[in-house]
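Heads up: the structure comes next, in structure tokens.
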Amino acid sequence: MKERLSTTVQQLKPSGIRRFFDLAASMDNVISLGVGEPDFVTSWAVREASILSLERGYTSYTANAGLLELRFEIMKYMKRNFNVSYDYKDDIIVTVGGSQALDITMRALINPEDEIIVVEPNFVSYSPLISLAGGVPVAIETTAETEFKLQPRQIEEVITSNTKALLLCSPNNPTGSSLSKEELQAIADIVIKHDLLVITDEIYAELTYDEEFTSIASLEGMKERTIIISGFSKGFAMTGWRLGYICAPTEIAKAMLKIHQYTMMCAPTMAQYGAIEALQNGQHDVEEMRKSYRRRRNYMVKSLNQIGLECHSPGGAFYVFPSVKKTGLSSEEFAEQLLLEERVAVVPGNVFGKGGEGHIRCSYASSMESLEESIKRISRFVENKL
Ligand code: PMP
């Protein structure tokens, strides 16, 4: 029989996160620090705006690029919060989550064999999406010694004549590391010197705890070579709404819109109405969530270090990424045994690529009560292993 599946898809590995979720779901009394989503319900005002749009009968497609009113709000939001200016008619596309934004970015940019530099440990979708678009992911490894921050010289070490873009994610999933303006400037200098594009995943931009968030697109000479991926899932606690957006130079946005229009038509209409409300009036709610995450981050960093699982204090997102090396267990062994013996679900760091082995990802988007109980259990587990 003829081969039915594409070689690319056969070579893709299933996400390593799923296996742990499936195992955890089959057990009782599990505390999950495994999920990568907020523990808040979307604010009532946003839900109400969406309900109202349904009551008014706004149930048809929107423009391919998204409701003009929503793009207008995104434009204002980006200017106000991150000091980057985009034209709402030409440069912004509303997508089905940051996930689809990433997908159409790769498909719009990549020619066969083009290399995209990715900084690992990173979000599990990046390399598969690059491969699916026919490109080659080239990984740079970051480590705990530099708090998992990309060192600019590492970029030059992997640049070839096929390098097209650098994919950044700050604040980062899974490490929580957040790059400062100075650190981004040093990266921008190299990117400009080598005429690269930057794809910047800013889905956690609202969730920074020590320093103001800086978008690399706001640095001199960068806007014309930067594609911003963002969305409502994390900062606005709207994962299930499936809403994200892209801000890009006009020519690139136009190319992406072609793919978006043929594959997706538009993002869900009722979700777009909710998002307008989120951008217009949601700042207070975002700020409250941010403060709450910050308290929980501080608790987790302090507690894990006390147990002896060393971890840096991450500047953003809602993850801590402690080392489990002192237990002598691999990431997978630690995560599996912790789940079976103490019923705490975490994600083994190796699933996030180079630099992740020897670490686990713990999401602190969980109630303080659950976090305290999980720390008790992890502490007992680690004592038993030493
Ligand atoms: N980028 C990063 C770094 C993420 O962690 C996630 C979600 N886990 C996404 C993008 C995609 O988010 P969504 O599709 O819900 O917008």
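Identifiers for the structure tokens are assigned positionally: chains receive A, B, ... in sequence, residues are indexed from 1 per chain, and ligands are indexed from 1 in the order shown.
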Selection near A:Thr269, 12 Å with only C-alpha atoms, sequence-local residues under 3 positions removed, as a PyMOL selection string: chain A and resi 49-54+57-68+70+94-96+241-243+265-266+272-276
Would you write out those residues with C-alpha atoms, as a compact mmCIF listing (two decimals), in the first residue's frame?
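Result file selection09.txt:
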# COMPACT_ATOMS: atom_id res chain seq x y z
CA ALA A 49 -19.88 41.69 26.39
CA SER A 50 -19.68 38.42 24.53
CA ILE A 51 -23.14 37.34 25.70
CA LEU A 52 -24.54 40.71 24.64
CA SER A 53 -23.10 40.29 21.15
CA LEU A 54 -24.96 36.98 20.88
CA GLY A 57 -27.49 38.47 16.90
CA TYR A 58 -23.91 39.18 15.88
CA THR A 59 -23.30 35.65 14.76
CA SER A 60 -21.81 35.99 11.29
CA TYR A 61 -18.17 36.04 10.12
CA THR A 62 -16.15 39.16 10.82
CA ALA A 63 -13.62 40.65 8.39
CA ASN A 64 -10.82 38.12 7.78
CA ALA A 65 -8.35 40.16 9.81
CA GLY A 66 -10.85 40.58 12.64
CA LEU A 67 -13.40 43.20 13.69
CA LEU A 68 -12.11 46.63 12.78
CA LEU A 70 -11.03 45.15 17.89
CA VAL A 94 -6.80 38.70 14.91
CA THR A 95 -6.13 34.96 15.09
CA VAL A 96 -7.38 31.79 16.75
CA TRP A 241 -11.83 31.85 23.91
CA ARG A 242 -9.09 31.00 21.42
CA LEU A 243 -8.12 34.54 20.58
CA MET A 265 -11.70 32.80 7.56
CA CYS A 266 -11.70 34.67 10.85
CA GLN A 272 -13.81 39.11 19.44
CA TYR A 273 -16.61 41.12 21.07
CA GLY A 274 -15.43 39.97 24.48
CA ALA A 275 -11.87 40.96 23.64
CA ILE A 276 -12.90 44.54 22.81
What residues have any atom no more than 9 Å from ligand 1 when counting only C-alpha atoms and all ligand atoms, and can you list them as a PyMOL selection string? chain A and resi 35-37+95-102+122-126+169-174+201-204+229-234+238-245+317
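Across the model, the gap from atom CA of A:Ala205 to atom CA of A:Ser180 is 12.1 Å.
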Tell me which protein, DNA and RNA residues are within 8 Å of A:Val84, counting only C-alpha atoms, leaving out same-chain ones fewer than 3 positions away, and put them as JSON, numbers by chain. {"A": [78, 79, 215, 217, 218, 223]}
Those selected residues, please, written with C-alpha atoms and delivered as a compact mmCIF listing (two decimals), in the first residue's frame.
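Result saved to result-v1.txt:
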# COMPACT_ATOMS: atom_id res chain seq x y z
CA MET A 78 0.06 48.24 21.87
CA LYS A 79 0.88 51.93 21.69
CA SER A 215 8.80 44.65 23.39
CA ALA A 217 9.75 45.82 18.40
CA SER A 218 9.92 49.11 20.32
CA LYS A 223 9.79 47.25 14.16
Where does DSSP see alpha helix (DSSP H) in stretch 261-292 of chain A, if you list the residues as a list in words?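 Answer for stretch 261-292 of chain A restricted to alpha helix (DSSP H) is Gln261, Tyr262, Thr263, Thr269, Met270, Ala271, Gln272, Tyr273, Gly274, Ala275, Ile276, Glu277, Ala278, Leu279, Gln280, Asn281, Gln283, His284, Asp285, Val286, Glu287, Glu288, Met289, Arg290, Lys291 and Ser292 of chain A.
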Distance query A:Thr208 at most 7 Å, only C-alpha atoms, self and fewer than 5 positions along chain excluded, as a PDB file with N, CA and C atoms, in the first residue's frame:
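Result file out14.pdb:
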ATOM      1  N   PHE A 213       7.560  45.359  31.181  1.00  0.00           N
ATOM      2  CA  PHE A 213       7.782  44.572  29.975  1.00  0.00           C
ATOM      3  C   PHE A 213       8.279  45.479  28.841  1.00  0.00           C
ATOM      4  N   GLY A 315      11.122  36.378  36.161  1.00  0.00           N
ATOM      5  CA  GLY A 315      10.541  37.723  36.056  1.00  0.00           C
ATOM      6  C   GLY A 315       9.114  37.772  35.543  1.00  0.00           C
ATOM      7  N   GLY A 316       8.612  36.654  35.004  1.00  0.00           N
ATOM      8  CA  GLY A 316       7.262  36.734  34.458  1.00  0.00           C
ATOM      9  C   GLY A 316       6.617  35.378  34.231  1.00  0.00           C
ATOM     10  N   ALA A 317       5.477  35.389  33.524  1.00  0.00           N
ATOM     11  CA  ALA A 317       4.641  34.212  33.263  1.00  0.00           C
ATOM     12  C   ALA A 317       4.161  33.604  34.590  1.00  0.00           C
TER      13      ALA A 317
END
Which residues of stretch 223-333 of chain A come within 12 Å of stretch 145-163 of chain A, and what is each one's closest atom pair and distance in Å (one decimal), counting only C-alpha atoms, sorted by chain and residue number, as JSON lines?
{"residue": "A:Glu310", "atom": "CA", "partner": "A:Glu145", "partner_atom": "CA", "distance": 11.2}
{"residue": "A:Cys311", "atom": "CA", "partner": "A:Glu147", "partner_atom": "CA", "distance": 8.6}
{"residue": "A:His312", "atom": "CA", "partner": "A:Glu147", "partner_atom": "CA", "distance": 6.3}
{"residue": "A:Ser313", "atom": "CA", "partner": "A:Glu147", "partner_atom": "CA", "distance": 8.5}
{"residue": "A:Pro314", "atom": "CA", "partner": "A:Glu147", "partner_atom": "CA", "distance": 8.0}
{"residue": "A:Gly315", "atom": "CA", "partner": "A:Glu147", "partner_atom": "CA", "distance": 10.0}
{"residue": "A:Val320", "atom": "CA", "partner": "A:Glu147", "partner_atom": "CA", "distance": 11.1}
{"residue": "A:Phe321", "atom": "CA", "partner": "A:Phe148", "partner_atom": "CA", "distance": 9.6}
{"residue": "A:Pro322", "atom": "CA", "partner": "A:Glu147", "partner_atom": "CA", "distance": 10.7}
{"residue": "A:Ser323", "atom": "CA", "partner": "A:Glu145", "partner_atom": "CA", "distance": 11.3}
Per residue of stretch 39-76 of chain A within 12 Å of stretch 283-289 of chain A, note the shortest atom pair and the distance in Å to one decimal, counting only C-alpha atoms, and order the rows by chain and increasing residue number, as a tab-separated table.
residue	atom	partner	partner_atom	distance
A:Asp39	CA	A:Met289	CA	9.7
A:Phe40	CA	A:Met289	CA	7.9
A:Val41	CA	A:Met289	CA	10.6
A:Thr42	CA	A:Asp285	CA	9.3
A:Ser43	CA	A:Asp285	CA	7.1
A:Trp44	CA	A:Asp285	CA	10.0
A:Ala45	CA	A:Asp285	CA	10.0
A:Val46	CA	A:Asp285	CA	10.5
Those residues you just picked out, can you put them in a file as a PDB file, in the first residue's frame with N, CA and C atoms?
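Below is the file part-v8.pdb, written as the result:
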ATOM      1  N   ASP A  39      -5.608  30.253  36.580  1.00  0.00           N
ATOM      2  CA  ASP A  39      -6.655  29.629  37.392  1.00  0.00           C
ATOM      3  C   ASP A  39      -7.821  30.597  37.591  1.00  0.00           C
ATOM      4  N   PHE A  40      -7.792  31.745  36.941  1.00  0.00           N
ATOM      5  CA  PHE A  40      -8.903  32.698  37.040  1.00  0.00           C
ATOM      6  C   PHE A  40      -9.937  32.407  35.943  1.00  0.00           C
ATOM      7  N   VAL A  41     -11.182  32.701  36.272  1.00  0.00           N
ATOM      8  CA  VAL A  41     -12.220  32.689  35.241  1.00  0.00           C
ATOM      9  C   VAL A  41     -12.149  34.066  34.571  1.00  0.00           C
ATOM     10  N   THR A  42     -12.396  34.123  33.276  1.00  0.00           N
ATOM     11  CA  THR A  42     -12.423  35.408  32.556  1.00  0.00           C
ATOM     12  C   THR A  42     -13.351  36.384  33.281  1.00  0.00           C
ATOM     13  N   SER A  43     -12.963  37.649  33.330  1.00  0.00           N
ATOM     14  CA  SER A  43     -13.749  38.623  34.095  1.00  0.00           C
ATOM     15  C   SER A  43     -15.196  38.668  33.575  1.00  0.00           C
ATOM     16  N   TRP A  44     -16.086  39.000  34.496  1.00  0.00           N
ATOM     17  CA  TRP A  44     -17.506  38.976  34.159  1.00  0.00           C
ATOM     18  C   TRP A  44     -17.827  39.971  33.043  1.00  0.00           C
ATOM     19  N   ALA A  45     -17.211  41.138  33.083  1.00  0.00           N
ATOM     20  CA  ALA A  45     -17.515  42.163  32.071  1.00  0.00           C
ATOM     21  C   ALA A  45     -17.213  41.643  30.668  1.00  0.00           C
ATOM     22  N   VAL A  46     -16.145  40.884  30.535  1.00  0.00           N
ATOM     23  CA  VAL A  46     -15.768  40.344  29.226  1.00  0.00           C
ATOM     24  C   VAL A  46     -16.780  39.287  28.788  1.00  0.00           C
TER      25      VAL A  46
END
All residues 6 Å or closer to A:Val136, only C-alpha atoms, same chain fewer than 3 positions away omitted, as a VMD selection string: chain A and resid 113 115 131
